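Working notes for the structure below.
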Amino acid sequence: MDIKRIDSYTDERFSRTALLQHGAYLVDGEPYELEITAHDRAVIRGKDPSVYPALIEEFRFHAPQVSLFYDEEGGLLAEYPRAELVTVALRDIQPSQFYVDEDKLEAVGSFIKSAEDVIVQVIPWENGFISLDGHTRLYLAALNGWERVRAVVSETDDWVWLFVGEARKRGVLSPADMKLVSHAEYKVLWDNFCDEVFKSGSQMQDKEE
């Protein structure tokens, strides 16, 4: 089964809400979408329910706080243990990213209206936390002057330390320090950096083996 997450905001195969929330997917070329309707629940749409379990697992990798999944008629399709949310001071979060996409910031701003809406994945670090995702949301929180957000304490691989180290070298010590760039710049600057990091990591692993 081939599951591909859609990063575009202008695909006519999906609802605008799902695109803005990054809940649009292609499964073996067919469109499916998940729309978050509350912080812990989402509606799933698509023609073949047999692919829903795999799609939900993929979706929860990015949104572990969502534990209840419904069909369009309101029927409960899947329920997971509820993730514990903790309140974190924005100043205590060390980003693992250093660029923010203008287009994504606009999209996130369309449905993030308060600090309560900001939920990100973090890991404990020193006297604070490292953010694993949700960097656009954190940047929006900084722009709005929100001092605290909510988070799910998660786990990650060792790759995060490469990104954190680079962020700190660039003076990115909190969400407000990230640099806002155009979508075109983001694709070049951030995507190329990620490609190089994972390429180098793969080469190092090959040498060790």
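We label chains A, B, ... in the order they appear in the structure tokens, count residues from 1 in each chain, and number ligands from 1 in the order shown.
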
Selection: 9 Å around Ser182 in chain A, only C-alpha atoms, excl. self and same-chain fewer than 2 positions, as a list of chain:residue names =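 Neighbouring residues, sequence-local ones excluded: A:Val100, A:Asp101, A:Glu102, A:Asp103, A:Leu180, A:Ala184, A:Glu185, A:Tyr186, A:Lys187.
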
Could those selected residues go to a file with N, CA and C atoms, as a PDB file, in the first residue's frame?
```pdb
ATOM      1  N   VAL A 100      10.662  28.850   8.432  1.00  0.00           N
ATOM      2  CA  VAL A 100       9.206  28.748   8.420  1.00  0.00           C
ATOM      3  C   VAL A 100       8.714  29.189   7.047  1.00  0.00           C
ATOM      4  N   ASP A 101       7.849  28.394   6.462  1.00  0.00           N
ATOM      5  CA  ASP A 101       7.285  28.638   5.125  1.00  0.00           C
ATOM      6  C   ASP A 101       6.136  29.646   5.232  1.00  0.00           C
ATOM      7  N   GLU A 102       6.204  30.745   4.483  1.00  0.00           N
ATOM      8  CA  GLU A 102       5.145  31.769   4.511  1.00  0.00           C
ATOM      9  C   GLU A 102       3.786  31.186   4.156  1.00  0.00           C
ATOM     10  N   ASP A 103       3.733  30.339   3.143  1.00  0.00           N
ATOM     11  CA  ASP A 103       2.458  29.754   2.725  1.00  0.00           C
ATOM     12  C   ASP A 103       1.868  28.887   3.831  1.00  0.00           C
ATOM     13  N   LEU A 180      11.406  33.419   8.763  1.00  0.00           N
ATOM     14  CA  LEU A 180      10.290  33.310   7.829  1.00  0.00           C
ATOM     15  C   LEU A 180      10.782  33.535   6.413  1.00  0.00           C
ATOM     16  N   ALA A 184       9.074  29.228  -2.030  1.00  0.00           N
ATOM     17  CA  ALA A 184      10.140  28.829  -2.950  1.00  0.00           C
ATOM     18  C   ALA A 184      11.482  28.739  -2.222  1.00  0.00           C
ATOM     19  N   GLU A 185      11.754  29.708  -1.359  1.00  0.00           N
ATOM     20  CA  GLU A 185      12.997  29.667  -0.579  1.00  0.00           C
ATOM     21  C   GLU A 185      13.013  28.476   0.368  1.00  0.00           C
ATOM     22  N   TYR A 186      11.872  28.217   0.975  1.00  0.00           N
ATOM     23  CA  TYR A 186      11.778  27.098   1.920  1.00  0.00           C
ATOM     24  C   TYR A 186      12.107  25.772   1.226  1.00  0.00           C
ATOM     25  N   LYS A 187      11.545  25.589   0.034  1.00  0.00           N
ATOM     26  CA  LYS A 187      11.786  24.347  -0.701  1.00  0.00           C
ATOM     27  C   LYS A 187      13.266  24.145  -0.974  1.00  0.00           C
TER      28      LYS A 187
END
```

From a DSSP calculation on the backbone, collect every residue of range 41-143 of chain A in strand (DSSP E) and output the set as a PyMOL selection string.
-> chain A and resi 41-45+68-70+76-79+85-89+93-95+99-101+119-125+128-131

Resulting file, chosen residues, N, CA and C atoms, as a tab-separated table (two decimals), in the first residue's frame:
```tsv
chain	number	residue	atom	x	y	z
A	41	ARG	N	-10.03	14.46	17.99
A	41	ARG	CA	-10.85	13.65	17.09
A	41	ARG	C	-10.80	14.16	15.65
A	42	ALA	N	-11.10	13.22	14.74
A	42	ALA	CA	-11.06	13.55	13.32
A	42	ALA	C	-12.07	12.70	12.57
A	43	VAL	N	-12.51	13.22	11.43
A	43	VAL	CA	-13.38	12.51	10.50
A	43	VAL	C	-12.53	12.03	9.33
A	44	ILE	N	-12.73	10.79	8.93
A	44	ILE	CA	-11.98	10.23	7.81
A	44	ILE	C	-12.93	9.96	6.64
A	45	ARG	N	-12.46	10.28	5.43
A	45	ARG	CA	-13.25	10.10	4.21
A	45	ARG	C	-12.42	9.40	3.15
A	68	LEU	N	-9.60	9.67	18.48
A	68	LEU	CA	-10.92	9.21	18.07
A	68	LEU	C	-11.14	9.51	16.60
A	69	PHE	N	-11.57	8.50	15.85
A	69	PHE	CA	-11.76	8.65	14.41
A	69	PHE	C	-13.17	8.20	14.03
A	70	TYR	N	-13.87	9.07	13.27
A	70	TYR	CA	-15.27	8.86	12.92
A	70	TYR	C	-15.44	8.87	11.41
A	76	LEU	N	-18.18	5.75	15.13
A	76	LEU	CA	-16.81	5.62	15.62
A	76	LEU	C	-16.11	4.49	14.87
A	77	LEU	N	-15.00	4.82	14.22
A	77	LEU	CA	-14.24	3.84	13.45
A	77	LEU	C	-13.07	3.27	14.23
A	78	ALA	N	-12.42	4.11	15.03
A	78	ALA	CA	-11.23	3.67	15.77
A	78	ALA	C	-11.04	4.56	16.98
A	79	GLU	N	-10.55	3.94	18.06
A	79	GLU	CA	-10.27	4.69	19.29
A	79	GLU	C	-8.92	4.23	19.84
A	85	LEU	N	-1.70	15.58	27.43
A	85	LEU	CA	-1.23	16.89	27.00
A	85	LEU	C	-0.62	17.63	28.18
A	86	VAL	N	0.54	18.23	27.94
A	86	VAL	CA	1.19	19.04	28.97
A	86	VAL	C	1.27	20.48	28.47
A	87	THR	N	1.26	21.41	29.39
A	87	THR	CA	1.40	22.82	29.04
A	87	THR	C	2.86	23.21	29.15
A	88	VAL	N	3.38	23.84	28.10
A	88	VAL	CA	4.80	24.15	28.01
A	88	VAL	C	4.97	25.64	27.73
A	89	ALA	N	5.91	26.26	28.42
A	89	ALA	CA	6.23	27.65	28.14
A	89	ALA	C	6.95	27.74	26.80
A	93	ILE	N	11.08	26.01	24.72
A	93	ILE	CA	11.09	25.07	23.60
A	93	ILE	C	12.24	25.40	22.66
A	94	GLN	N	13.11	24.42	22.45
A	94	GLN	CA	14.21	24.53	21.49
A	94	GLN	C	13.76	23.92	20.16
A	95	PRO	N	13.65	24.70	19.08
A	95	PRO	CA	13.24	24.14	17.78
A	95	PRO	C	14.29	23.20	17.20
A	99	TYR	N	13.68	27.29	9.61
A	99	TYR	CA	12.94	28.07	8.61
A	99	TYR	C	11.45	27.84	8.77
A	100	VAL	N	10.66	28.85	8.43
A	100	VAL	CA	9.21	28.75	8.42
A	100	VAL	C	8.71	29.19	7.05
A	101	ASP	N	7.85	28.39	6.46
A	101	ASP	CA	7.28	28.64	5.12
A	101	ASP	C	6.14	29.65	5.23
A	119	ILE	N	-0.81	22.39	19.46
A	119	ILE	CA	-0.39	21.13	20.07
A	119	ILE	C	0.75	20.57	19.24
A	120	VAL	N	1.90	20.35	19.85
A	120	VAL	CA	3.08	19.88	19.14
A	120	VAL	C	3.67	18.68	19.86
A	121	GLN	N	4.54	17.97	19.17
A	121	GLN	CA	5.28	16.86	19.77
A	121	GLN	C	6.63	17.37	20.28
A	122	VAL	N	7.00	16.94	21.49
A	122	VAL	CA	8.26	17.37	22.08
A	122	VAL	C	8.94	16.20	22.77
A	123	ILE	N	10.23	16.38	23.07
A	123	ILE	CA	10.96	15.48	23.95
A	123	ILE	C	11.62	16.34	25.03
A	124	PRO	N	11.76	15.82	26.26
A	124	PRO	CA	12.44	16.58	27.30
A	124	PRO	C	13.91	16.81	26.95
A	125	TRP	N	14.42	17.97	27.33
A	125	TRP	CA	15.83	18.30	27.04
A	125	TRP	C	16.29	19.38	28.01
A	128	GLY	N	14.12	22.13	29.55
A	128	GLY	CA	12.96	22.43	28.73
A	128	GLY	C	12.64	21.28	27.81
A	129	PHE	N	12.34	21.62	26.55
A	129	PHE	CA	11.91	20.61	25.58
A	129	PHE	C	12.48	20.94	24.21
A	130	ILE	N	12.55	19.91	23.37
A	130	ILE	CA	12.86	20.07	21.95
A	130	ILE	C	11.58	19.79	21.17
A	131	SER	N	11.24	20.66	20.24
A	131	SER	CA	10.05	20.43	19.41
A	131	SER	C	10.44	19.55	18.22
```

Which of these residues is nearest to Leu162 in chain A, using only C-alpha atoms: A:Val27, A:Asp117, A:Arg91, A:Ser96?
->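 Using only C-alpha atoms, the shortest distance to Leu162 in chain A belongs to A:Ser96.
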
May I have the residues within 12 Å of Ala115 in chain A as a list of chain:residue names, using only C-alpha atoms and disregarding those fewer than 6 positions away in the same chain?
->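 Within the cut-off, the hits are A:Thr87, A:Val88, A:Ala89, A:Leu90, A:Gly109, A:Arg137, A:Leu138, A:Tyr139, A:Leu140, A:Ala141, A:Ala142, A:Leu143, A:Asn144, A:Gly145, A:Trp146, A:Glu147, A:Arg148, A:Val149, A:Arg150, A:Ala151.
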
Could you work out how far CA of Gly46 in chain A lies from CA of Phe14 in chain A, giving the answer in Å with one decimal?
->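 Distance reported for this atom pair: 10.4 Å.
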